[in-house]
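Enquirer: One file is attached below, target-v3.csv, containing CSV, C-alpha atoms (C1' of nucleotides).
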chain,number,residue,atom,x,y,z
S,1,MET,CA,-30.2,-12.2,-13.6
S,2,CYS,CA,-29.0,-11.6,-17.2
S,3,MET,CA,-26.3,-14.1,-16.6
S,4,ALA,CA,-26.4,-15.5,-20.2
S,5,LEU,CA,-25.9,-12.1,-21.6
S,6,SER,CA,-23.0,-11.2,-19.4
S,7,VAL,CA,-21.2,-14.4,-20.1
S,8,VAL,CA,-21.4,-13.7,-23.8
S,9,THR,CA,-20.2,-10.1,-23.6
S,10,GLN,CA,-17.6,-10.4,-20.9
S,11,PRO,CA,-16.2,-13.8,-20.6
S,12,THR,CA,-13.9,-13.0,-17.7
S,13,HIS,CA,-15.4,-11.3,-14.7
S,14,ARG,CA,-12.4,-10.5,-12.6
S,15,SER,CA,-13.2,-8.3,-9.7
S,16,SER,CA,-9.6,-7.8,-8.6
S,17,ALA,CA,-8.8,-4.7,-10.7
S,18,LEU,CA,-12.2,-3.1,-9.8
S,19,LEU,CA,-11.6,-3.9,-6.1
S,20,ASP,CA,-8.1,-2.5,-6.3
S,21,HIS,CA,-9.3,0.7,-8.0
S,22,LEU,CA,-12.3,1.3,-5.8
S,23,ALA,CA,-10.3,0.6,-2.6
S,24,ARG,CA,-7.7,3.1,-3.7
S,25,ARG,CA,-10.1,5.8,-4.3
S,26,MET,CA,-11.8,5.1,-1.0
S,27,ARG,CA,-8.5,5.1,0.8
S,28,LEU,CA,-7.4,8.4,-0.5
S,29,ARG,CA,-10.5,10.1,0.7
S,30,THR,CA,-10.5,8.1,3.9
S,31,GLU,CA,-7.1,9.2,4.9
S,32,ALA,CA,-8.1,12.8,4.9
S,33,VAL,CA,-11.2,12.2,6.9
S,34,LEU,CA,-9.5,10.0,9.5
S,35,ALA,CA,-6.4,12.2,10.0
S,36,PRO,CA,-8.1,14.6,12.4
S,37,LEU,CA,-9.1,11.6,14.5
S,38,GLY,CA,-5.4,10.4,14.7
S,39,LEU,CA,-6.3,7.3,12.7
S,40,ARG,CA,-5.1,5.9,9.4
S,41,PRO,CA,-6.9,3.4,7.2
S,42,ARG,CA,-5.1,0.3,8.6
S,43,HIS,CA,-6.0,1.4,12.1
S,44,LEU,CA,-9.6,1.3,11.1
S,45,VAL,CA,-9.2,-2.1,9.5
S,46,ALA,CA,-7.7,-3.5,12.7
S,47,LEU,CA,-10.3,-1.9,14.9
S,48,THR,CA,-13.1,-3.2,12.7
S,49,VAL,CA,-11.7,-6.8,12.8
S,50,LEU,CA,-11.4,-6.5,16.6
S,51,ARG,CA,-15.0,-5.4,16.9
S,52,VAL,CA,-16.3,-8.2,14.7
S,53,ARG,CA,-14.2,-10.8,16.7
S,54,GLY,CA,-14.7,-9.3,20.1
S,55,GLY,CA,-11.0,-9.7,20.8
S,56,SER,CA,-8.2,-11.7,19.3
S,57,THR,CA,-4.7,-13.0,19.7
S,58,GLN,CA,-2.0,-11.0,17.9
S,59,GLN,CA,-1.1,-14.0,15.8
S,60,ALA,CA,-4.6,-14.5,14.7
S,61,LEU,CA,-4.8,-10.8,13.9
S,62,ALA,CA,-1.6,-11.0,11.8
S,63,THR,CA,-3.1,-13.9,9.9
S,64,THR,CA,-6.4,-12.2,9.1
S,65,LEU,CA,-4.8,-8.9,8.3
S,66,ALA,CA,-2.2,-10.7,6.2
S,67,MET,CA,0.5,-8.7,7.9
S,68,ASP,CA,3.9,-9.6,9.3
S,69,GLY,CA,3.8,-10.1,13.1
S,70,THR,CA,6.4,-7.5,13.8
S,71,ASN,CA,4.3,-4.9,12.0
S,72,ILE,CA,1.3,-5.9,14.0
S,73,VAL,CA,3.2,-5.0,17.1
S,74,GLY,CA,3.8,-1.5,15.9
S,75,LEU,CA,0.2,-1.1,14.8
S,76,LEU,CA,-1.1,-2.2,18.1
S,77,ASN,CA,1.4,0.0,20.0
S,78,GLU,CA,-0.1,3.0,18.3
S,79,LEU,CA,-3.6,2.0,19.0
S,80,GLU,CA,-2.7,1.2,22.6
S,81,ALA,CA,-1.0,4.5,23.0
S,82,ASP,CA,-4.3,6.1,22.1
S,83,LYS,CA,-6.1,3.8,24.6
S,84,LEU,CA,-8.3,2.4,21.8
S,85,ILE,CA,-7.2,-1.2,22.5
S,86,GLU,CA,-6.0,-3.2,25.5
S,87,ARG,CA,-3.5,-6.0,25.6
S,88,ARG,CA,-4.1,-8.6,28.3
S,89,ARG,CA,-2.2,-11.7,29.0
S,90,SER,CA,-4.0,-14.9,28.1
S,91,PRO,CA,-4.8,-17.0,31.2
S,92,GLU,CA,-4.3,-20.2,29.4
S,93,ASP,CA,-1.0,-19.3,27.8
S,94,ARG,CA,0.7,-16.4,29.4
S,95,ARG,CA,2.9,-15.8,26.4
S,96,ARG,CA,-0.1,-14.7,24.4
S,97,HIS,CA,-1.7,-11.3,24.4
S,98,LEU,CA,-5.4,-11.0,24.0
S,99,VAL,CA,-6.2,-7.8,22.2
S,100,GLU,CA,-9.5,-6.1,22.8
S,101,LEU,CA,-11.2,-2.9,22.0
S,102,THR,CA,-11.6,-0.5,25.0
S,103,ASP,CA,-14.8,1.5,25.4
S,104,ALA,CA,-12.9,4.5,24.0
S,105,GLY,CA,-12.0,2.3,21.0
S,106,VAL,CA,-15.6,1.3,20.4
S,107,LYS,CA,-16.6,5.0,20.5
S,108,GLN,CA,-13.7,6.2,18.3
S,109,LEU,CA,-14.5,3.5,15.8
S,110,ALA,CA,-18.1,4.6,15.7
S,111,LYS,CA,-17.1,8.2,15.4
S,112,ALA,CA,-14.8,7.4,12.5
S,113,GLU,CA,-17.5,5.4,10.7
S,114,SER,CA,-20.0,8.2,11.0
S,115,ALA,CA,-17.3,10.6,9.7
S,116,LEU,CA,-16.9,8.3,6.7
S,117,ALA,CA,-20.5,8.7,5.6
S,118,GLN,CA,-19.6,11.6,3.4
S,119,VAL,CA,-16.7,9.6,1.8
S,120,GLU,CA,-18.9,6.7,0.9
S,121,GLN,CA,-21.4,9.0,-0.4
S,122,GLU,CA,-18.8,10.3,-2.9
S,123,VAL,CA,-17.1,7.0,-3.7
S,124,LEU,CA,-20.2,4.9,-3.9
S,125,GLY,CA,-22.4,7.6,-5.3
S,126,ALA,CA,-23.5,5.5,-8.2
S,127,LEU,CA,-25.1,2.9,-5.8
S,128,ASP,CA,-28.4,3.5,-4.1
S,129,ALA,CA,-29.0,2.6,-0.5
S,130,SER,CA,-30.1,-1.0,-1.1
S,131,GLN,CA,-27.2,-1.6,-3.4
S,132,ARG,CA,-24.7,-0.3,-0.8
S,133,GLU,CA,-26.3,-2.5,1.7
S,134,THR,CA,-25.8,-5.5,-0.6
S,135,LEU,CA,-22.3,-4.5,-1.2
S,136,TYR,CA,-21.6,-4.2,2.5
S,137,ASN,CA,-23.0,-7.6,3.2
S,138,LEU,CA,-21.0,-9.3,0.3
S,139,LEU,CA,-17.8,-7.7,1.5
S,140,GLN,CA,-18.5,-8.7,5.0
S,141,LEU,CA,-19.2,-12.2,3.9
S,142,ALA,CA,-16.1,-12.4,1.8
S,143,ALA,CA,-13.9,-10.8,4.4
S,144,THR,CA,-14.9,-12.8,7.4
S,145,GLY,CA,-16.1,-16.0,5.9
S,146,THR,CA,-19.3,-15.5,7.9
S,147,GLY,CA,-22.4,-13.7,6.8
S,148,GLY,CA,-22.9,-10.2,8.2
S,149,THR,CA,-26.1,-9.5,9.9
S,150,CYS,CA,-28.1,-11.4,7.3
S,151,PRO,CA,-28.0,-15.1,6.7
S,152,ALA,CA,-26.2,-15.9,3.4
S,153,SER,CA,-29.3,-17.2,1.8
S,154,MET,CA,-30.8,-13.7,2.0
S,155,LEU,CA,-28.0,-11.9,0.3
S,156,GLU,CA,-29.1,-12.1,-3.3
C,157,MET,CA,-34.1,-7.9,2.8
C,158,CYS,CA,-33.7,-7.9,6.6
C,159,MET,CA,-33.0,-4.2,6.5
C,160,ALA,CA,-34.7,-3.4,9.7
C,161,LEU,CA,-32.7,-6.0,11.6
C,162,SER,CA,-29.4,-4.8,10.3
C,163,VAL,CA,-30.2,-1.2,11.0
C,164,VAL,CA,-30.8,-2.1,14.6
C,165,THR,CA,-27.8,-4.3,15.1
C,166,GLN,CA,-25.2,-2.3,13.1
C,167,PRO,CA,-26.2,1.3,12.9
C,168,THR,CA,-23.2,2.3,10.8
C,169,HIS,CA,-22.5,0.1,7.7
C,170,ARG,CA,-19.2,1.5,6.5
C,171,SER,CA,-17.7,-0.5,3.7
C,172,SER,CA,-14.4,1.3,3.6
C,173,ALA,CA,-12.5,-0.9,6.0
C,174,LEU,CA,-13.9,-4.1,4.5
C,175,LEU,CA,-13.0,-2.8,1.0
C,176,ASP,CA,-9.5,-1.9,2.2
C,177,HIS,CA,-9.0,-5.3,3.8
C,178,LEU,CA,-10.3,-7.4,1.0
C,179,ALA,CA,-8.4,-5.4,-1.7
C,180,ARG,CA,-5.2,-5.9,0.3
C,181,ARG,CA,-5.7,-9.6,0.5
C,182,MET,CA,-6.5,-9.7,-3.1
C,183,ARG,CA,-3.6,-7.6,-4.1
C,184,LEU,CA,-1.1,-9.8,-2.2
C,185,ARG,CA,-2.2,-12.9,-4.1
C,186,THR,CA,-2.5,-11.0,-7.3
C,187,GLU,CA,1.0,-9.8,-7.3
C,188,ALA,CA,2.4,-13.3,-7.2
C,189,VAL,CA,0.1,-14.4,-10.0
C,190,LEU,CA,0.8,-11.4,-12.2
C,191,ALA,CA,4.6,-11.3,-11.7
C,192,PRO,CA,5.3,-14.1,-14.3
C,193,LEU,CA,3.4,-12.0,-16.8
C,194,GLY,CA,5.5,-8.9,-16.1
C,195,LEU,CA,2.5,-7.1,-14.7
C,196,ARG,CA,1.7,-5.5,-11.4
C,197,PRO,CA,-1.7,-4.8,-9.9
C,198,ARG,CA,-1.8,-1.2,-11.0
C,199,HIS,CA,-0.9,-2.2,-14.6
C,200,LEU,CA,-4.0,-4.4,-14.5
C,201,VAL,CA,-6.1,-1.5,-13.3
C,202,ALA,CA,-4.9,0.8,-16.0
C,203,LEU,CA,-5.4,-1.8,-18.7
C,204,THR,CA,-8.8,-2.6,-17.5
C,205,VAL,CA,-9.8,1.1,-17.6
C,206,LEU,CA,-8.4,1.4,-21.0
C,207,ARG,CA,-10.4,-1.6,-22.2
C,208,VAL,CA,-13.6,-0.2,-20.8
C,209,ARG,CA,-13.0,3.2,-22.3
C,210,GLY,CA,-11.5,2.1,-25.6
C,211,GLY,CA,-8.7,4.7,-25.3
C,212,SER,CA,-8.2,7.8,-23.2
C,213,THR,CA,-6.2,10.9,-22.7
C,214,GLN,CA,-3.5,10.7,-20.1
C,215,GLN,CA,-5.1,13.4,-18.1
C,216,ALA,CA,-8.4,11.6,-18.1
C,217,LEU,CA,-6.6,8.5,-17.0
C,218,ALA,CA,-4.9,10.4,-14.2
C,219,THR,CA,-8.3,11.6,-13.0
C,220,THR,CA,-10.0,8.2,-13.0
C,221,LEU,CA,-7.1,6.4,-11.5
C,222,ALA,CA,-6.8,9.2,-9.0
C,223,MET,CA,-3.1,9.3,-9.6
C,224,ASP,CA,-0.7,12.2,-10.1
C,225,GLY,CA,0.1,12.9,-13.7
C,226,THR,CA,3.8,12.4,-13.4
C,227,ASN,CA,3.2,8.9,-12.1
C,228,ILE,CA,0.9,8.1,-14.9
C,229,VAL,CA,3.7,8.8,-17.3
C,230,GLY,CA,5.9,6.2,-15.6
C,231,LEU,CA,3.1,3.7,-15.5
C,232,LEU,CA,2.4,4.1,-19.2
C,233,ASN,CA,6.1,4.0,-20.1
C,234,GLU,CA,6.2,0.6,-18.6
C,235,LEU,CA,3.2,-0.6,-20.4
C,236,GLU,CA,4.4,0.9,-23.7
C,237,ALA,CA,7.8,-0.7,-23.3
C,238,ASP,CA,6.0,-4.1,-23.2
C,239,LYS,CA,3.9,-3.0,-26.2
C,240,LEU,CA,0.7,-3.4,-24.4
C,241,ILE,CA,-0.4,0.2,-25.1
C,242,GLU,CA,0.2,2.8,-27.7
C,243,ARG,CA,0.5,6.5,-27.4
C,244,ARG,CA,-0.7,8.5,-30.4
C,245,ARG,CA,-0.9,12.2,-30.8
C,246,SER,CA,-4.4,13.6,-30.8
C,247,PRO,CA,-5.2,15.1,-34.2
C,248,GLU,CA,-7.2,17.9,-32.6
C,249,ASP,CA,-4.7,18.9,-30.0
C,250,ARG,CA,-1.2,17.7,-30.8
C,251,ARG,CA,-0.1,18.2,-27.2
C,252,ARG,CA,-2.3,15.4,-26.1
C,253,HIS,CA,-1.5,11.7,-26.2
C,254,LEU,CA,-4.3,9.3,-26.9
C,255,VAL,CA,-3.6,6.1,-25.1
C,256,GLU,CA,-5.0,2.8,-26.4
C,257,LEU,CA,-4.6,-0.9,-25.9
C,258,THR,CA,-2.7,-2.7,-28.5
C,259,ASP,CA,-3.8,-6.2,-29.7
C,260,ALA,CA,-1.0,-7.6,-27.5
C,261,GLY,CA,-2.4,-5.6,-24.6
C,262,VAL,CA,-5.9,-7.0,-25.1
C,263,LYS,CA,-4.5,-10.5,-25.2
C,264,GLN,CA,-2.2,-10.0,-22.2
C,265,LEU,CA,-5.1,-8.5,-20.2
C,266,ALA,CA,-7.3,-11.5,-21.0
C,267,LYS,CA,-4.4,-13.8,-20.1
C,268,ALA,CA,-3.9,-12.1,-16.8
C,269,GLU,CA,-7.6,-12.3,-16.0
C,270,SER,CA,-7.8,-16.0,-16.6
C,271,ALA,CA,-4.8,-16.4,-14.4
C,272,LEU,CA,-6.6,-14.6,-11.7
C,273,ALA,CA,-9.4,-17.1,-11.5
C,274,GLN,CA,-7.6,-19.1,-8.9
C,275,VAL,CA,-6.9,-16.0,-6.8
C,276,GLU,CA,-10.6,-15.0,-6.7
C,277,GLN,CA,-11.4,-18.5,-5.9
C,278,GLU,CA,-9.3,-18.2,-2.8
C,279,VAL,CA,-10.2,-14.6,-1.7
C,280,LEU,CA,-13.8,-14.8,-2.6
C,281,GLY,CA,-14.2,-18.3,-1.5
C,282,ALA,CA,-17.0,-17.5,0.9
C,283,LEU,CA,-19.2,-16.3,-2.0
C,284,ASP,CA,-21.0,-18.5,-4.4
C,285,ALA,CA,-21.1,-17.9,-8.1
C,286,SER,CA,-24.2,-15.7,-8.1
C,287,GLN,CA,-22.9,-13.6,-5.2
C,288,ARG,CA,-19.6,-13.1,-7.0
C,289,GLU,CA,-21.5,-11.9,-10.0
C,290,THR,CA,-23.5,-9.5,-7.9
C,291,LEU,CA,-20.3,-8.2,-6.3
C,292,TYR,CA,-18.7,-7.8,-9.7
C,293,ASN,CA,-21.6,-5.8,-11.0
C,294,LEU,CA,-21.8,-3.6,-7.9
C,295,LEU,CA,-18.1,-2.9,-8.1
C,296,GLN,CA,-18.3,-2.1,-11.8
C,297,LEU,CA,-21.2,0.2,-11.2
C,298,ALA,CA,-19.5,2.0,-8.4
C,299,ALA,CA,-16.2,2.3,-10.2
C,300,THR,CA,-17.5,3.5,-13.5
C,301,GLY,CA,-20.7,5.2,-12.6
C,302,THR,CA,-22.3,3.1,-15.3
C,303,GLY,CA,-23.9,-0.3,-14.9
C,304,GLY,CA,-21.8,-3.2,-16.1
C,305,THR,CA,-23.4,-5.7,-18.4
C,306,CYS,CA,-26.7,-5.5,-16.6
C,307,PRO,CA,-29.0,-2.5,-16.3
C,308,ALA,CA,-28.8,-1.1,-12.8
C,309,SER,CA,-32.4,-2.0,-12.1
C,310,MET,CA,-31.5,-5.7,-12.4
C,311,LEU,CA,-28.7,-5.6,-9.9
C,312,GLU,CA,-30.5,-6.4,-6.8
W,313,DT,C1',3.8,37.2,-29.2
W,314,DA,C1',2.7,35.9,-24.3
W,315,DG,C1',0.8,32.9,-21.4
W,316,DA,C1',-1.5,28.6,-20.5
W,317,DT,C1',-1.6,23.6,-21.1
W,318,DG,C1',-0.2,18.5,-21.9
W,319,DG,C1',3.2,15.8,-21.3
W,320,DC,C1',8.2,14.2,-20.0
W,321,DT,C1',12.2,13.9,-16.8
W,322,DG,C1',14.7,13.8,-12.6
W,323,DA,C1',15.1,14.5,-7.7
W,324,DT,C1',13.4,14.2,-3.0
W,325,DG,C1',10.7,12.4,0.7
W,326,DG,C1',7.3,9.8,3.3
W,327,DA,C1',4.5,5.8,4.4
W,328,DA,C1',3.6,1.0,4.4
W,329,DC,C1',5.7,-3.2,4.6
W,330,DA,C1',8.5,-7.4,4.4
W,331,DC,C1',12.4,-9.5,6.5
W,332,DA,C1',16.2,-10.5,9.7
W,333,DA,C1',18.3,-10.8,14.3
W,334,DA,C1',18.4,-10.6,19.1
W,335,DT,C1',15.9,-10.7,23.7
W,336,DC,C1',12.7,-12.2,27.2
W,337,DA,C1',9.0,-14.9,29.2
W,338,DT,C1',6.6,-18.9,28.9
W,339,DC,C1',5.1,-23.4,27.4
W,340,DT,C1',6.0,-28.5,26.1
W,341,DA,C1',8.2,-32.7,25.7
W,342,DT,C1',11.5,-35.7,27.1
V,343,DA,C1',14.6,-30.7,35.2
V,344,DT,C1',16.1,-29.1,31.2
V,345,DA,C1',16.2,-28.2,26.2
V,346,DG,C1',13.9,-26.6,22.6
V,347,DA,C1',9.9,-24.3,20.6
V,348,DT,C1',6.8,-20.4,20.7
V,349,DG,C1',4.5,-15.4,21.4
V,350,DA,C1',5.6,-11.0,21.7
V,351,DT,C1',8.8,-7.2,21.5
V,352,DT,C1',12.5,-4.2,19.8
V,353,DT,C1',15.6,-2.5,16.4
V,354,DG,C1',17.3,-2.1,12.0
V,355,DT,C1',17.5,-2.5,6.8
V,356,DG,C1',15.6,-2.5,2.4
V,357,DT,C1',11.9,-2.1,-1.1
V,358,DT,C1',8.0,-0.4,-3.4
V,359,DC,C1',4.5,2.8,-4.2
V,360,DC,C1',3.5,7.3,-4.5
V,361,DA,C1',3.1,12.5,-3.9
V,362,DT,C1',5.4,16.6,-4.8
V,363,DC,C1',8.3,20.0,-6.9
V,364,DA,C1',11.1,22.0,-10.5
V,365,DG,C1',12.5,22.5,-15.0
V,366,DC,C1',11.8,21.4,-19.9
V,367,DC,C1',9.7,21.1,-24.6
V,368,DA,C1',5.9,21.2,-27.9
V,369,DT,C1',1.7,23.1,-28.8
V,370,DC,C1',-2.5,25.6,-28.3
V,371,DT,C1',-5.2,30.1,-27.3
V,372,DA,C1',-5.8,34.8,-26.7
Take the structure I supplied and represent it as structure tokens, if you would.
Expert:
Amino acid sequence: MCMALSVVTQPTHRSSALLDHLARRMRLRTEAVLAPLGLRPRHLVALTVLRVRGGSTQQALATTLAMDGTNIVGLLNELEADKLIERRRSPEDRRRHLVELTDAGVKQLAKAESALAQVEQEVLGALDASQRETLYNLLQLAATGTGGTCPASMLE
Amino acid sequence: MCMALSVVTQPTHRSSALLDHLARRMRLRTEAVLAPLGLRPRHLVALTVLRVRGGSTQQALATTLAMDGTNIVGLLNELEADKLIERRRSPEDRRRHLVELTDAGVKQLAKAESALAQVEQEVLGALDASQRETLYNLLQLAATGTGGTCPASMLE
DNA sequence: TAGATGGCTGATGGAACACAAATCATCTAT
DNA sequence: ATAGATGATTTGTGTTCCATCAGCCATCTA
């Protein structure tokens, strides 16, 4: 794994700047691709989280998205207006809203993702298919705290 | 590599939403850590690019940062005011500015990076050391088009 | 010498967000 | 039963980042 070498030549491996940079480039492209679908990047993030979770409380959503609760409301309003999500009252605590993807939401998300193939091709062009898969799994793991489709032990 | 399984269960592996999400979380934390140093995330990105390149034209910088030229000017003004970078006229074309890190810039960047250890610990907490190293190398590869400290063939 | 180019300045506008305050329905504890 | 806390909503304000445009100077190229 050439660890020894890398430690010598680059004592501090901080991913934050790289992550920032790459995410920015990705987002610029993504905005253009998503616009025709009436979506913006943060919509996609929210939909993705909801798909992974299979529904969530608004508070929980605010926590994982690291967004203010009031802004979550606006975001969900937009998604609900497009019938991509549904808000239902929680049976246990009727103050709470349970947010879930609708069938249309699932489809729209899939549609958006396939439209993004070209974008990833451009932004991640330097990575081959297997490297992209590894990247995806690492991001998934880091983002959700849970391994993606592969057990953590198989990731490296 | 459990590829077959993942293809079946998740037909579209789009990293953009995950990247967006993770970069956002990282940036929120990063801002707080960097503030005492008088830096903001995009300063760090610019400094990082400059370190990798060992100097650059402003235009080239604008291209790789995917930012408008006029905004690059402002960004560099801030960095120059803190004496972290230097603008020198290019000898070949005196219209051009060659931007380089100063010694103070190199030091400040290193300082910032070591201050970010804690942040990465929190945001990438779900990844072990070797996974973080892999992530770093993949990001580096994707961001620069060139492998980091390891040859591309050793990345997976 | 004319036009293109790199960079600088200033102004304008939009989008994403954080934050605050007030409202309503509902839950919880006394 | 009632008081206070909580989840969600609405509205409004302010900030920051950023794109865009227009005008300017210095310099290069034809």
Enquirer: Select from chain W every residue with an atom at most 8 Å from any atom of chain S, then for each give the shortest pair of atoms and their distance in Å to one decimal, using all atoms listed in the file, rows by chain and rising number, as a Markdown table.
Expert:
| residue | atom | partner | partner_atom | distance |
| --- | --- | --- | --- | --- |
| W:DC329 | C1' | S:Asn71 | CA | 7.7 |
| W:DA330 | C1' | S:Asp68 | CA | 7.1 |
| W:DA337 | C1' | S:Arg95 | CA | 6.8 |
| W:DT338 | C1' | S:Arg95 | CA | 5.4 |
| W:DC339 | C1' | S:Asp93 | CA | 7.4 |
Enquirer: So, with all atoms listed in the file as the atoms that count, which of V:DT371, V:DT351, V:DT362, V:DT357 lies closest to DG315 (chain W)?
Expert: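 Answer, going by the shortest atom-to-atom distance: V:DT371.
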Enquirer: Which distance in Å separates CA of Gln264 (chain C) and CA of Arg243 (chain C), to one decimal?
Expert: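 These atoms are spaced 17.5 Å apart.
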Enquirer: Around (3.8, 1.5, 0.4) in the file's own coordinates, what residues are found within 10 Å if you use only C-alpha atoms (C1' of nucleotides), given back as number ranges by chain?
Expert: W: 326-329; V: 357-360
Enquirer: To one decimal place in Å, what is the distance between CA of Glu234 (chain C) and CA of Lys267 (chain C)?
Expert: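 Answer for the CA of Glu234 (chain C) to CA of Lys267 (chain C) separation: 17.9 Å.
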Enquirer: Kindly assemble as a Markdown table a list of the chain V residues that lie within 8 Å of chain C, each paired with its nearest atom pair and their distance in Å to one decimal, using all atoms listed in the file, sorted first by chain and then by ascending residue number.
Expert:
| residue | atom | partner | partner_atom | distance |
| --- | --- | --- | --- | --- |
| V:DC360 | C1' | C:Asn227 | CA | 7.8 |
| V:DA361 | C1' | C:Asp224 | CA | 7.3 |
| V:DA368 | C1' | C:Arg251 | CA | 6.7 |
| V:DT369 | C1' | C:Arg251 | CA | 5.5 |
| V:DC370 | C1' | C:Asp249 | CA | 7.3 |
Enquirer: If we count all atoms listed in the file and set the cut-off at 12 Å, which residues sit around Asp82 (chain S), ignoring sequence neighbours fewer than 5 positions away in its own chain? Please answer as a ChimeraX atom specification.
Expert: /S:37-39,43,75-77,101-105,108
Enquirer: From the options C:Gln215, C:Thr204, C:Thr290, C:Gln274, which residue's atoms come nearest to His21 (chain S), counting only C-alpha atoms?
Expert: C:Thr204
Enquirer: Which of these residues is nearest to chain C, using all atoms listed in the file: S:Ile72, S:Val33, S:Ala117, S:Ala129?
Expert: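 The answer is S:Ala117, which sits nearest to chain C.
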Enquirer: Name all residues at most 12 Å from Arg196 (chain C) (count all atoms listed in the file; drop same-chain ones fewer than 6 positions away) and give them as a PDB file with C-alpha atoms (C1' of nucleotides), in the coordinates of the input.
Expert:
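The file below, out.pdb, is the result:
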ATOM      1  CA  SER S  16      -9.600  -7.800  -8.600  1.00  0.00           C
ATOM      2  CA  ALA S  17      -8.800  -4.700 -10.700  1.00  0.00           C
ATOM      3  CA  ASP S  20      -8.100  -2.500  -6.300  1.00  0.00           C
TER       4      ASP S  20
ATOM      5  CA  ARG C 183      -3.600  -7.600  -4.100  1.00  0.00           C
ATOM      6  CA  LEU C 184      -1.100  -9.800  -2.200  1.00  0.00           C
ATOM      7  CA  ARG C 185      -2.200 -12.900  -4.100  1.00  0.00           C
ATOM      8  CA  THR C 186      -2.500 -11.000  -7.300  1.00  0.00           C
ATOM      9  CA  GLU C 187       1.000  -9.800  -7.300  1.00  0.00           C
ATOM     10  CA  ALA C 188       2.400 -13.300  -7.200  1.00  0.00           C
ATOM     11  CA  VAL C 189       0.100 -14.400 -10.000  1.00  0.00           C
ATOM     12  CA  LEU C 190       0.800 -11.400 -12.200  1.00  0.00           C
ATOM     13  CA  ALA C 202      -4.900   0.800 -16.000  1.00  0.00           C
ATOM     14  CA  LEU C 203      -5.400  -1.800 -18.700  1.00  0.00           C
ATOM     15  CA  LEU C 231       3.100   3.700 -15.500  1.00  0.00           C
ATOM     16  CA  GLU C 234       6.200   0.600 -18.600  1.00  0.00           C
ATOM     17  CA  LEU C 235       3.200  -0.600 -20.400  1.00  0.00           C
ATOM     18  CA  LEU C 265      -5.100  -8.500 -20.200  1.00  0.00           C
ATOM     19  CA  ALA C 268      -3.900 -12.100 -16.800  1.00  0.00           C
TER      20      ALA C 268
ATOM     21  C1'  DT V 358       8.000  -0.400  -3.400  1.00  0.00           C
ATOM     22  C1'  DC V 359       4.500   2.800  -4.200  1.00  0.00           C
TER      23       DC V 359
END
Enquirer: Check the smallest atom-to-atom distance from each of C:Gly210, C:Val205, C:Asn293, C:Ala179 to chain S using all atoms listed in the file, then report the winner.
Expert: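 Checking each candidate against chain S, we get C:Ala179 as the closest.
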Enquirer: Could you give me, as a list in words, the residues that have an atom at most 10 Å away from the point (5.9, 15.5, -22.8) in the coordinates of the file, using all atoms listed in the file?
Expert: Val229, Arg251, Arg252 and His253 of chain C; DG318, DG319, DC320 and DT321 of chain W; DC366, DC367 and DA368 of chain V
Enquirer: Could you take the residues named above and write them with C-alpha atoms (C1' of nucleotides), as an mmCIF file, keeping the file's coordinate frame?
Expert:
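Done, and the output landed in part.cif:
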data_model
loop_
_atom_site.group_PDB
_atom_site.id
_atom_site.type_symbol
_atom_site.label_atom_id
_atom_site.label_comp_id
_atom_site.auth_asym_id
_atom_site.auth_seq_id
_atom_site.Cartn_x
_atom_site.Cartn_y
_atom_site.Cartn_z
ATOM 1 C CA VAL C 229 3.700 8.800 -17.300
ATOM 2 C CA ARG C 251 -0.100 18.200 -27.200
ATOM 3 C CA ARG C 252 -2.300 15.400 -26.100
ATOM 4 C CA HIS C 253 -1.500 11.700 -26.200
ATOM 5 C "C1'" DG W 318 -0.200 18.500 -21.900
ATOM 6 C "C1'" DG W 319 3.200 15.800 -21.300
ATOM 7 C "C1'" DC W 320 8.200 14.200 -20.000
ATOM 8 C "C1'" DT W 321 12.200 13.900 -16.800
ATOM 9 C "C1'" DC V 366 11.800 21.400 -19.900
ATOM 10 C "C1'" DC V 367 9.700 21.100 -24.600
ATOM 11 C "C1'" DA V 368 5.900 21.200 -27.900
#
Enquirer: For a test of reading the model, state the distance in Å between C1' of DA364 (chain V) and C1' of DG322 (chain W), rounded to one decimal.
Expert: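 A separation of 9.2 Å between them.
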Enquirer: Tell me which of C:Met182, C:Ala216, C:Leu174, C:Leu254 sits closest to Val279 (chain C), counting only C-alpha atoms.
Expert: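 Closest to Val279 (chain C) of all the choices is C:Met182.
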Enquirer: Counting only C-alpha atoms, which of S:Leu61, S:Leu141, S:Val99, S:Val52 gets nearest to chain C?
Expert: S:Leu141
Enquirer: Complete the atoms of region 194-199 of chain C to N, CA and C atoms and put them out as an mmCIF file, in the coordinates of the input.
Expert:
data_model
loop_
_atom_site.group_PDB
_atom_site.id
_atom_site.type_symbol
_atom_site.label_atom_id
_atom_site.label_comp_id
_atom_site.auth_asym_id
_atom_site.auth_seq_id
_atom_site.Cartn_x
_atom_site.Cartn_y
_atom_site.Cartn_z
ATOM 1 N N GLY C 194 4.885 -10.235 -15.979
ATOM 2 C CA GLY C 194 5.500 -8.900 -16.100
ATOM 3 C C GLY C 194 4.593 -7.782 -15.718
ATOM 4 N N LEU C 195 3.523 -8.118 -15.026
ATOM 5 C CA LEU C 195 2.500 -7.100 -14.700
ATOM 6 C C LEU C 195 2.445 -6.921 -13.168
ATOM 7 N N ARG C 196 2.056 -5.748 -12.741
ATOM 8 C CA ARG C 196 1.700 -5.500 -11.400
ATOM 9 C C ARG C 196 0.280 -5.043 -11.276
ATOM 10 N N PRO C 197 -0.308 -5.115 -10.087
ATOM 11 C CA PRO C 197 -1.700 -4.800 -9.900
ATOM 12 C C PRO C 197 -2.152 -3.498 -10.632
ATOM 13 N N ARG C 198 -1.366 -2.453 -10.433
ATOM 14 C CA ARG C 198 -1.800 -1.200 -11.000
ATOM 15 C C ARG C 198 -1.797 -1.190 -12.533
ATOM 16 N N HIS C 199 -0.906 -2.026 -13.115
ATOM 17 C CA HIS C 199 -0.900 -2.200 -14.600
ATOM 18 C C HIS C 199 -2.287 -2.729 -14.993
#
